[in-house]
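Structure data follow from data.cif (mmCIF, C-alpha atoms):
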data_protein
loop_
_atom_site.label_atom_id
_atom_site.label_comp_id
_atom_site.auth_asym_id
_atom_site.auth_seq_id
_atom_site.Cartn_x
_atom_site.Cartn_y
_atom_site.Cartn_z
CA MET A 32 8.10 45.51 -14.77
CA LEU A 33 7.96 41.78 -15.46
CA VAL A 34 9.89 39.92 -18.14
CA HIS A 35 8.01 36.93 -19.57
CA THR A 36 9.80 34.16 -21.44
CA LEU A 37 8.26 30.83 -20.47
CA GLU A 38 4.96 30.75 -22.36
CA SER A 39 5.30 33.91 -24.44
CA VAL A 40 7.96 36.58 -24.65
CA GLY A 41 7.04 40.04 -23.46
CA LEU A 42 7.24 42.84 -20.94
CA THR A 43 4.35 43.88 -18.71
CA VAL A 44 3.88 46.80 -16.37
CA SER A 45 0.93 46.74 -13.98
CA GLY A 46 -0.56 43.98 -16.12
CA ALA A 47 -0.30 45.91 -19.37
CA SER A 48 1.87 44.59 -22.22
CA LEU A 49 4.55 46.79 -23.73
CA PRO A 50 5.15 46.78 -27.50
CA LEU A 51 8.36 44.96 -28.33
CA GLY A 52 8.66 44.88 -32.08
CA GLY A 53 9.24 41.86 -34.29
CA PRO A 54 10.53 38.30 -33.78
CA LYS A 55 14.18 39.36 -33.50
CA HIS A 56 13.31 41.83 -30.75
CA ARG A 57 11.54 39.11 -28.80
CA ALA A 58 14.26 36.54 -29.41
CA LEU A 59 16.99 38.92 -28.26
CA LEU A 60 15.06 39.87 -25.12
CA HIS A 61 14.35 36.17 -24.48
CA TYR A 62 18.01 35.20 -24.66
CA LEU A 63 19.26 38.13 -22.59
CA ALA A 64 16.59 37.41 -19.96
CA LEU A 65 17.66 33.78 -19.68
CA ARG A 66 21.17 35.04 -19.01
CA ALA A 67 20.14 38.10 -17.03
CA ASN A 68 22.80 40.06 -15.13
CA THR A 69 25.51 38.39 -17.23
CA VAL A 70 27.36 40.05 -20.08
CA VAL A 71 26.48 38.33 -23.36
CA SER A 72 28.89 38.98 -26.21
CA VAL A 73 27.72 39.99 -29.66
CA ASP A 74 29.18 36.77 -31.06
CA GLU A 75 27.03 34.75 -28.63
CA LEU A 76 23.97 36.72 -29.67
CA LEU A 77 24.67 36.10 -33.35
CA ALA A 78 24.94 32.35 -32.69
CA ALA A 79 21.73 32.40 -30.64
CA LEU A 80 19.60 34.46 -33.03
CA TRP A 81 20.50 32.81 -36.36
CA ASP A 82 20.30 29.09 -37.04
CA GLY A 83 22.93 29.23 -39.76
CA PRO A 84 25.68 31.70 -40.64
CA PRO A 85 24.40 35.20 -39.83
CA PRO A 86 24.14 37.77 -42.62
CA ARG A 87 26.88 40.33 -43.10
CA THR A 88 24.67 43.00 -41.58
CA ALA A 89 23.87 40.91 -38.47
CA ARG A 90 25.96 42.99 -36.07
CA LYS A 91 24.29 46.17 -37.20
CA MET A 92 20.90 44.47 -36.92
CA VAL A 93 21.65 43.48 -33.31
CA GLN A 94 22.70 47.07 -32.51
CA ASN A 95 19.45 48.38 -33.97
CA VAL A 96 17.31 45.84 -32.09
CA VAL A 97 19.08 46.61 -28.81
CA SER A 98 18.61 50.32 -29.37
CA GLU A 99 14.90 49.91 -30.09
CA LEU A 100 14.36 47.66 -27.09
CA ARG A 101 16.24 50.08 -24.86
CA THR A 102 14.14 52.98 -26.13
CA GLY A 103 10.96 51.04 -25.53
CA ILE A 104 11.95 50.18 -21.97
CA ALA A 105 13.09 53.72 -21.19
CA ALA A 106 9.89 55.19 -22.63
CA GLN A 107 7.95 53.29 -19.98
CA GLU A 108 9.85 54.70 -17.01
CA TRP A 109 6.74 56.63 -16.08
CA TYR A 110 3.86 54.28 -16.60
CA ALA A 111 0.57 53.60 -14.93
CA PRO A 112 -2.93 52.57 -16.00
CA GLU A 113 -5.39 55.39 -16.57
CA GLY A 114 -6.35 57.05 -13.30
CA ALA A 115 -3.44 55.60 -11.34
CA ARG A 116 -0.47 57.53 -10.03
CA PRO A 117 2.66 57.03 -12.15
CA ARG A 118 5.57 55.31 -10.53
CA ARG A 119 9.18 55.21 -11.61
CA LEU A 120 10.28 51.86 -13.01
CA SER A 121 13.91 50.86 -12.75
CA GLN A 122 13.77 47.08 -12.52
CA VAL A 123 14.85 46.38 -16.12
CA VAL A 124 17.81 48.09 -17.76
CA LEU A 125 19.50 47.03 -21.01
CA LEU A 126 23.15 48.10 -20.98
CA THR A 127 26.09 47.97 -23.35
CA HIS A 128 29.00 46.40 -21.53
CA GLY A 129 32.39 45.86 -23.18
CA PRO A 130 32.01 43.40 -26.05
CA GLY A 131 28.31 42.79 -25.53
CA TYR A 132 25.14 43.56 -23.63
CA VAL A 133 23.66 42.82 -20.23
CA LEU A 134 20.07 42.88 -19.01
CA ARG A 135 20.11 44.21 -15.44
CA VAL A 136 17.02 43.00 -13.65
CA ASP A 137 15.86 41.59 -10.34
CA PRO A 138 15.84 37.81 -10.98
CA ASP A 139 12.38 37.53 -9.46
CA GLU A 140 11.11 39.91 -12.18
CA VAL A 141 11.98 37.30 -14.86
CA ASP A 142 9.56 34.39 -14.87
CA ALA A 143 12.19 31.91 -16.08
CA LEU A 144 14.62 32.84 -13.31
CA ALA A 145 11.92 32.78 -10.64
CA PHE A 146 10.80 29.36 -11.88
CA ASP A 147 14.39 28.12 -11.85
CA ARG A 148 14.91 29.25 -8.26
CA LEU A 149 11.63 27.83 -6.92
CA ALA A 150 12.09 24.52 -8.75
CA HIS A 151 15.58 24.02 -7.36
CA ASP A 152 14.45 25.11 -3.88
CA GLY A 153 11.66 22.52 -4.00
CA LEU A 154 13.96 19.75 -5.17
CA ALA A 155 16.48 20.70 -2.49
CA LEU A 156 13.74 20.40 0.13
CA LEU A 157 13.03 16.89 -1.13
CA ASP A 158 16.71 15.96 -0.83
CA ALA A 159 16.78 17.39 2.69
CA GLY A 160 13.77 15.33 3.73
CA ALA A 161 11.41 18.32 4.10
CA GLU A 162 8.60 16.30 2.57
CA SER A 163 5.75 18.51 3.80
CA GLU A 164 7.14 21.80 2.48
CA ALA A 165 8.53 20.61 -0.86
CA PRO A 166 5.20 20.23 -2.74
CA HIS A 167 4.19 23.81 -1.91
CA THR A 168 7.43 25.17 -3.37
CA LEU A 169 7.24 22.95 -6.46
CA ARG A 170 3.64 24.01 -7.09
CA ALA A 171 4.67 27.67 -6.79
CA ALA A 172 7.28 27.02 -9.49
CA LEU A 173 4.80 25.27 -11.75
CA ALA A 174 2.30 28.13 -11.31
CA LEU A 175 4.77 30.29 -13.26
CA TRP A 176 4.77 27.79 -16.14
CA PRO A 177 1.44 25.93 -15.99
CA HIS A 178 1.20 24.89 -19.63
CA VAL A 179 3.58 22.88 -21.79
CA THR A 180 4.86 25.40 -24.33
CA PRO A 181 7.86 24.18 -26.32
CA ALA A 182 10.02 27.00 -27.62
CA HIS A 183 9.92 27.84 -31.31
CA GLY A 184 12.55 29.16 -33.68
CA PRO A 185 16.13 29.61 -32.46
CA ALA A 186 15.08 29.33 -28.81
CA ALA A 187 14.26 25.64 -29.31
CA ARG A 188 17.97 24.83 -29.50
CA TRP A 189 19.27 27.11 -26.74
CA PRO A 190 20.83 25.04 -23.93
CA GLU A 191 19.43 27.49 -21.37
CA ARG A 192 15.88 26.95 -22.58
CA ARG A 193 16.23 23.19 -22.95
CA ARG A 194 17.57 22.94 -19.40
CA LEU A 195 14.49 24.75 -18.10
CA GLU A 196 12.19 22.44 -20.05
CA ARG A 197 13.89 19.40 -18.52
CA LEU A 198 13.61 21.02 -15.09
CA ARG A 199 9.88 21.55 -15.61
CA GLU A 200 9.46 17.88 -16.54
CA GLN A 201 11.21 16.96 -13.30
CA VAL A 202 8.90 19.21 -11.26
CA VAL A 203 5.79 17.79 -12.96
CA ARG A 204 7.03 14.26 -12.39
CA HIS A 205 7.52 14.85 -8.66
CA LEU A 206 4.14 16.51 -8.23
CA ALA A 207 2.23 14.02 -10.33
CA ALA A 208 3.80 10.79 -9.17
CA ASP A 209 5.39 11.49 -5.81
CA ALA A 210 2.96 13.74 -3.94
CA GLY A 211 -0.39 13.00 -2.41
CA THR A 212 -2.49 12.50 0.69
CA VAL A 213 -1.50 9.82 3.17
CA LEU A 214 -4.35 8.04 4.97
CA LEU A 215 -3.79 6.24 8.26
CA LEU A 216 -6.79 4.06 9.06
CA SER A 217 -7.25 2.27 12.38
CA THR A 218 -10.07 -0.24 13.03
CA GLU A 219 -11.18 -1.64 16.36
CA SER A 220 -13.90 -4.25 16.88
CA ARG A 221 -16.36 -3.49 19.67
CA ARG A 222 -17.54 -7.08 20.22
CA GLY A 223 -15.83 -10.32 21.06
CA LEU A 224 -15.57 -13.10 18.49
CA ALA A 225 -16.26 -16.72 19.35
CA ASP A 226 -12.90 -18.22 18.43
CA ALA A 227 -9.62 -17.53 16.71
CA GLY A 228 -10.88 -18.87 13.37
CA THR A 229 -13.87 -16.55 13.41
CA ALA A 230 -11.65 -13.63 14.36
CA PHE A 231 -9.24 -14.41 11.53
CA GLY A 232 -12.05 -14.61 8.99
CA HIS A 233 -13.47 -11.34 10.23
CA GLU A 234 -10.11 -9.60 9.85
CA MET A 235 -9.65 -10.98 6.33
CA ARG A 236 -13.06 -9.74 5.20
CA LEU A 237 -12.45 -6.38 6.86
CA ALA A 238 -9.08 -6.01 5.12
CA GLU A 239 -10.61 -6.86 1.74
CA GLU A 240 -13.36 -4.31 2.20
CA ILE A 241 -10.92 -1.59 3.20
CA ARG A 242 -8.66 -2.32 0.22
CA ALA A 243 -11.66 -2.25 -2.11
CA GLN A 244 -12.83 1.16 -0.86
CA ILE A 245 -9.34 2.62 -1.12
CA ALA A 246 -8.89 1.24 -4.64
CA HIS A 247 -12.30 2.62 -5.63
CA GLN A 248 -11.02 6.09 -4.74
CA GLN A 249 -7.83 5.50 -6.78
CA GLY A 250 -5.63 5.03 -3.75
CA THR A 251 -3.00 2.40 -2.94
CA VAL A 252 -2.52 0.51 0.33
CA CYS A 253 1.19 0.51 1.08
CA THR A 254 1.27 -0.82 4.66
CA GLU A 255 -0.97 -3.19 6.64
CA PHE A 256 -0.06 -4.03 10.21
CA GLY A 257 -2.69 -5.48 12.52
CA SER A 258 -5.56 -3.02 12.69
CA LEU A 259 -3.58 -0.24 10.97
CA ARG A 260 -3.58 0.54 7.25
CA VAL A 261 -1.50 3.20 5.52
CA ALA A 262 -2.66 4.25 2.06
CA VAL A 263 -1.65 6.85 -0.49
CA PHE A 264 -3.92 8.94 -2.71
CA PRO A 265 -1.61 10.56 -5.28
CA GLU A 266 -2.07 13.94 -6.88
CA ASP A 267 -2.20 13.17 -10.57
CA PRO A 268 -3.16 15.37 -13.56
CA THR A 269 -5.16 12.41 -14.94
CA ILE A 270 -7.34 12.26 -11.80
CA VAL A 271 -9.86 15.07 -11.47
CA ARG A 272 -10.56 14.89 -7.72
CA PRO A 273 -7.77 15.94 -5.29
CA GLY A 274 -6.09 13.30 -3.17
CA LEU A 275 -7.44 14.74 0.08
CA GLU A 276 -11.03 14.55 -1.18
CA ARG A 277 -10.61 10.96 -2.34
CA ALA A 278 -8.94 9.88 0.92
CA ARG A 279 -11.76 11.39 2.94
CA ALA A 280 -14.34 9.63 0.75
CA ALA A 281 -12.57 6.29 1.28
CA ALA A 282 -12.48 6.75 5.06
CA ASP A 283 -16.19 7.70 5.10
CA ALA A 284 -17.10 4.67 2.97
CA VAL A 285 -15.15 2.29 5.19
CA ARG A 286 -16.79 3.72 8.29
CA ALA A 287 -20.29 3.53 6.77
CA GLY A 288 -19.77 -0.08 5.73
CA LEU A 289 -18.25 -1.34 8.97
CA SER A 290 -19.49 0.72 11.91
CA ALA A 291 -23.12 -0.36 12.09
CA GLU A 292 -23.09 -3.93 10.77
CA ARG A 293 -19.90 -5.17 12.42
CA ARG A 294 -19.63 -2.79 15.35
CA THR A 295 -16.20 -1.69 14.22
CA THR A 296 -14.82 1.71 15.17
CA VAL A 297 -12.96 3.37 12.30
CA THR A 298 -10.51 6.18 13.09
CA ALA A 299 -8.88 8.00 10.20
CA LEU A 300 -6.04 10.52 9.86
CA LEU A 301 -5.59 12.43 6.59
CA MET A 302 -2.18 13.95 5.84
CA PRO A 303 -2.31 16.02 2.62
CA ASP A 304 0.60 17.35 0.56
CA ARG A 305 3.07 14.63 1.52
CA VAL A 306 5.87 13.37 -0.68
CA ILE A 307 5.70 9.68 -1.51
CA HIS A 308 8.63 7.56 -2.64
CA GLY A 309 8.90 4.45 -4.74
CA GLY A 310 6.21 5.08 -7.33
CA ARG A 311 3.53 6.13 -4.81
CA ARG A 312 3.83 2.90 -2.83
CA ARG A 313 6.15 3.81 0.03
CA VAL A 314 5.46 6.44 2.67
CA PRO A 315 8.61 7.81 4.34
CA ALA A 316 9.07 6.46 7.86
CA ALA A 317 9.11 9.99 9.29
CA VAL A 318 5.65 10.66 7.85
CA VAL A 319 4.28 7.40 9.28
CA ASP A 320 5.80 8.11 12.70
CA GLU A 321 4.33 11.60 12.69
CA GLY A 322 0.94 10.19 11.68
CA LEU A 323 0.95 7.50 14.36
CA ALA A 324 1.60 10.09 17.07
CA VAL A 325 -1.31 12.23 15.88
CA LEU A 326 -3.57 9.22 15.35
CA ALA A 327 -3.01 8.13 18.96
CA ALA A 328 -4.41 11.48 20.10
CA THR A 329 -7.39 11.37 17.73
CA ALA A 330 -10.84 10.64 19.13
CA PRO A 331 -11.92 7.09 18.17
CA GLY A 332 -14.45 6.91 15.37
CA THR A 333 -13.53 10.31 13.88
CA THR A 334 -11.62 11.61 10.87
CA ARG A 335 -8.89 14.18 11.41
CA VAL A 336 -6.90 16.25 8.92
CA HIS A 337 -3.27 16.85 9.89
CA LEU A 338 -1.55 19.48 7.76
CA SER A 339 2.15 20.18 7.46
CA ALA A 340 3.91 22.25 10.08
CA ALA A 341 3.41 25.37 7.96
CA HIS A 342 -0.35 25.15 8.34
CA ALA A 343 -2.82 24.92 11.17
CA GLU A 344 -4.39 21.61 12.01
CA THR A 345 -8.06 21.28 11.07
CA ALA A 346 -10.55 18.89 12.60
CA ALA A 347 -12.71 17.12 10.06
#
As structure tokens, please, write out the structure in this file.
Amino acid sequence: MLVHTLESVGLTVSGASLPLGGPKHRALLHYLALRANTVVSVDELLAALWDGPPPRTARKMVQNVVSELRTGIAAQEWYAPEGARPRRLSQVVLLTHGPGYVLRVDPDEVDALAFDRLAHDGLALLDAGAESEAPHTLRAALALWPHVTPAHGPAARWPERRRLERLREQVVRHLAADAGTVLLLSTESRRGLADAGTAFGHEMRLAEEIRAQIAHQQGTVCTEFGSLRVAVFPEDPTIVRPGLERARAAADAVRAGLSAERRTTVTALLMPDRVIHGGRRRVPAAVVDEGLAVLAATAPGTTRVHLSAAHAETAA
């Protein structure tokens, strides 16, 4: 059984939605789920469910709603789609405990709690410098809450819900602005140039052409050192094509423009799903060092994709 609170409030079993009742039923389940496995007093529930002073019958109303929710959950203990073998469900239990109620549930069965855990795990990976793994964890968190859905009614003022909304903004900000594909591009001329002035002019024109192709693919050059360029192609909701695809297109365009006419060998290394600092303009030194080691072992004139340690390396 799954408890949904992020985009809509509900319970599902094997993909089927369970009937919950009216707005108060959903609001009470929502609040208890956000504070799952913690006793919530009746006074706290009254403050959460009513914007102003609760009516005189509020306590009785809460008792009735809890009873109806509990009956609905218990009635689904044996549930399965038509033709499937029933299975006993015990993941969600609504209990009376002292002065209040507690929703006993595996935290991973509540979308809000699973999102909270994955988001904090991803941010912790960033702080620890695990810049290859962090985007995967943050994307897994965002997959649980893909659309912006502000809470309505009493939930809009709950601190627990507002904290999650701020956390989602933080995740989106990291993925949109601070993640992307890093391109290391090395160029080597295959013919001698007459003098130093000619060589300098050639390098200037080459650098301009490379920057133009990278900019055309909505990338940013963040380092230029001799024949090496390091560029970033950010993942951004406003850009349709993924960073890896745009970085590959830039490398192909540079090679097509330089290889034949100027006899320049272009070697490219693509490093997707990397975390970028400083507004997309600074690649962490560890990522550059890792890229340089792989680039040195890459066949000249080719493009190579180097994934994070969690994935296999793929030759382009």
Counting only C-alpha atoms, closest pick from A:Glu321, A:Glu38, A:Gln248, A:Ala105 relative to Ala174 (chain A) is A:Glu38
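What separates CA of Leu173 (chain A) from CA of Arg188 (chain A) is a distance of 22.1 Å.
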Notebook entry, point to check: Taking the file as shown, what set of residues would the PyMOL selection byres ((chain A and resi 274-280) around 7) give back, as a PyMOL selection string?
Noted result: chain A and resi 211-212+214+248+264-266+272-273+281-284+303
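Computed from the coordinates, the CA of His337 (chain A) to CA of Arg260 (chain A) distance equals 16.5 Å.
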note - CA of His128 (chain A) and CA of Thr69 (chain A) are separated by 9.7 Å
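Minimum atom-to-atom distance to Ala67 (chain A), evaluated using all atoms listed in the file, belongs to A:Glu191 out of A:Glu191, A:Asp82, A:Asp267, A:Glu99.
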Per-residue nearest contacts region 162-254 of chain A to region 325-328 of chain A, cut-off 9 Å, using only C-alpha atoms, as a Markdown table:
| residue | atom | partner | partner_atom | distance |
| --- | --- | --- | --- | --- |
| A:Leu215 | CA | A:Leu326 | CA | 7.7 |
| A:Leu216 | CA | A:Leu326 | CA | 8.7 |
| A:Ser217 | CA | A:Leu326 | CA | 8.4 |
Min atom-atom distance to Leu125 (chain A) from the set A:Val44, A:Leu157, A:Leu63, A:Val141, counting all atoms listed in the file, belongs to A:Leu63
Kindly reconstruct region 274-285 of chain A with all heavy atoms and present the result as a PDB file, in the frame of the given file.
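Just written: result.pdb:
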ATOM      1  N   GLY A 274      -6.374  14.434  -4.024  1.00  0.00           N
ATOM      2  CA  GLY A 274      -6.090  13.300  -3.170  1.00  0.00           C
ATOM      3  C   GLY A 274      -6.783  13.380  -1.823  1.00  0.00           C
ATOM      4  O   GLY A 274      -7.277  12.378  -1.293  1.00  0.00           O
ATOM      5  N   LEU A 275      -6.815  14.582  -1.233  1.00  0.00           N
ATOM      6  CA  LEU A 275      -7.440  14.740   0.080  1.00  0.00           C
ATOM      7  C   LEU A 275      -8.928  14.386   0.014  1.00  0.00           C
ATOM      8  O   LEU A 275      -9.459  13.709   0.896  1.00  0.00           O
ATOM      9  CB  LEU A 275      -7.255  16.168   0.578  1.00  0.00           C
ATOM     10  CG  LEU A 275      -7.918  16.511   1.924  1.00  0.00           C
ATOM     11  CD1 LEU A 275      -7.388  15.622   3.035  1.00  0.00           C
ATOM     12  CD2 LEU A 275      -7.705  17.989   2.261  1.00  0.00           C
ATOM     13  N   GLU A 276      -9.594  14.842  -1.024  1.00  0.00           N
ATOM     14  CA  GLU A 276     -11.030  14.550  -1.180  1.00  0.00           C
ATOM     15  C   GLU A 276     -11.274  13.059  -1.344  1.00  0.00           C
ATOM     16  O   GLU A 276     -12.203  12.488  -0.759  1.00  0.00           O
ATOM     17  CB  GLU A 276     -11.570  15.322  -2.382  1.00  0.00           C
ATOM     18  CG  GLU A 276     -13.047  15.141  -2.632  1.00  0.00           C
ATOM     19  CD  GLU A 276     -13.528  15.923  -3.844  1.00  0.00           C
ATOM     20  OE1 GLU A 276     -12.931  16.983  -4.136  1.00  0.00           O
ATOM     21  OE2 GLU A 276     -14.485  15.476  -4.508  1.00  0.00           O
ATOM     22  N   ARG A 277     -10.423  12.385  -2.119  1.00  0.00           N
ATOM     23  CA  ARG A 277     -10.610  10.960  -2.340  1.00  0.00           C
ATOM     24  C   ARG A 277     -10.297  10.156  -1.082  1.00  0.00           C
ATOM     25  O   ARG A 277     -10.965   9.163  -0.779  1.00  0.00           O
ATOM     26  CB  ARG A 277      -9.725  10.497  -3.508  1.00  0.00           C
ATOM     27  CG  ARG A 277     -10.095  11.193  -4.798  1.00  0.00           C
ATOM     28  CD  ARG A 277      -9.361  10.766  -6.044  1.00  0.00           C
ATOM     29  NE  ARG A 277      -8.171  10.026  -5.874  1.00  0.00           N
ATOM     30  CZ  ARG A 277      -6.941  10.545  -5.984  1.00  0.00           C
ATOM     31  NH1 ARG A 277      -6.772  11.832  -6.238  1.00  0.00           N
ATOM     32  NH2 ARG A 277      -5.885   9.782  -5.855  1.00  0.00           N
ATOM     33  N   ALA A 278      -9.271  10.580  -0.329  1.00  0.00           N
ATOM     34  CA  ALA A 278      -8.940   9.880   0.920  1.00  0.00           C
ATOM     35  C   ALA A 278     -10.062  10.016   1.930  1.00  0.00           C
ATOM     36  O   ALA A 278     -10.413   9.052   2.625  1.00  0.00           O
ATOM     37  CB  ALA A 278      -7.630  10.450   1.491  1.00  0.00           C
ATOM     38  N   ARG A 279     -10.652  11.196   2.022  1.00  0.00           N
ATOM     39  CA  ARG A 279     -11.760  11.390   2.940  1.00  0.00           C
ATOM     40  C   ARG A 279     -12.953  10.515   2.541  1.00  0.00           C
ATOM     41  O   ARG A 279     -13.628   9.910   3.393  1.00  0.00           O
ATOM     42  CB  ARG A 279     -12.180  12.855   2.987  1.00  0.00           C
ATOM     43  CG  ARG A 279     -13.221  13.163   4.056  1.00  0.00           C
ATOM     44  CD  ARG A 279     -13.778  14.564   3.872  1.00  0.00           C
ATOM     45  NE  ARG A 279     -12.777  15.585   4.045  1.00  0.00           N
ATOM     46  CZ  ARG A 279     -12.440  16.098   5.222  1.00  0.00           C
ATOM     47  NH1 ARG A 279     -13.018  15.652   6.324  1.00  0.00           N
ATOM     48  NH2 ARG A 279     -11.532  17.051   5.289  1.00  0.00           N
ATOM     49  N   ALA A 280     -13.223  10.444   1.222  1.00  0.00           N
ATOM     50  CA  ALA A 280     -14.340   9.630   0.750  1.00  0.00           C
ATOM     51  C   ALA A 280     -14.119   8.152   1.074  1.00  0.00           C
ATOM     52  O   ALA A 280     -15.052   7.428   1.449  1.00  0.00           O
ATOM     53  CB  ALA A 280     -14.522   9.823  -0.753  1.00  0.00           C
ATOM     54  N   ALA A 281     -12.866   7.691   0.952  1.00  0.00           N
ATOM     55  CA  ALA A 281     -12.570   6.290   1.280  1.00  0.00           C
ATOM     56  C   ALA A 281     -12.785   6.021   2.758  1.00  0.00           C
ATOM     57  O   ALA A 281     -13.375   5.006   3.141  1.00  0.00           O
ATOM     58  CB  ALA A 281     -11.136   5.962   0.874  1.00  0.00           C
ATOM     59  N   ALA A 282     -12.307   6.932   3.608  1.00  0.00           N
ATOM     60  CA  ALA A 282     -12.480   6.750   5.060  1.00  0.00           C
ATOM     61  C   ALA A 282     -13.969   6.744   5.421  1.00  0.00           C
ATOM     62  O   ALA A 282     -14.421   5.914   6.232  1.00  0.00           O
ATOM     63  CB  ALA A 282     -11.757   7.861   5.813  1.00  0.00           C
ATOM     64  N   ASP A 283     -14.750   7.652   4.822  1.00  0.00           N
ATOM     65  CA  ASP A 283     -16.190   7.700   5.100  1.00  0.00           C
ATOM     66  C   ASP A 283     -16.880   6.420   4.652  1.00  0.00           C
ATOM     67  O   ASP A 283     -17.765   5.894   5.342  1.00  0.00           O
ATOM     68  CB  ASP A 283     -16.816   8.902   4.403  1.00  0.00           C
ATOM     69  CG  ASP A 283     -16.381  10.235   5.016  1.00  0.00           C
ATOM     70  OD1 ASP A 283     -15.827  10.210   6.128  1.00  0.00           O
ATOM     71  OD2 ASP A 283     -16.596  11.276   4.364  1.00  0.00           O
ATOM     72  N   ALA A 284     -16.476   5.897   3.485  1.00  0.00           N
ATOM     73  CA  ALA A 284     -17.100   4.670   2.970  1.00  0.00           C
ATOM     74  C   ALA A 284     -16.777   3.472   3.839  1.00  0.00           C
ATOM     75  O   ALA A 284     -17.638   2.622   4.103  1.00  0.00           O
ATOM     76  CB  ALA A 284     -16.652   4.430   1.525  1.00  0.00           C
ATOM     77  N   VAL A 285     -15.530   3.388   4.304  1.00  0.00           N
ATOM     78  CA  VAL A 285     -15.150   2.290   5.190  1.00  0.00           C
ATOM     79  C   VAL A 285     -15.945   2.361   6.487  1.00  0.00           C
ATOM     80  O   VAL A 285     -16.487   1.357   6.969  1.00  0.00           O
ATOM     81  CB  VAL A 285     -13.634   2.328   5.483  1.00  0.00           C
ATOM     82  CG1 VAL A 285     -13.278   1.352   6.599  1.00  0.00           C
ATOM     83  CG2 VAL A 285     -12.841   1.980   4.219  1.00  0.00           C
TER      84      VAL A 285
END
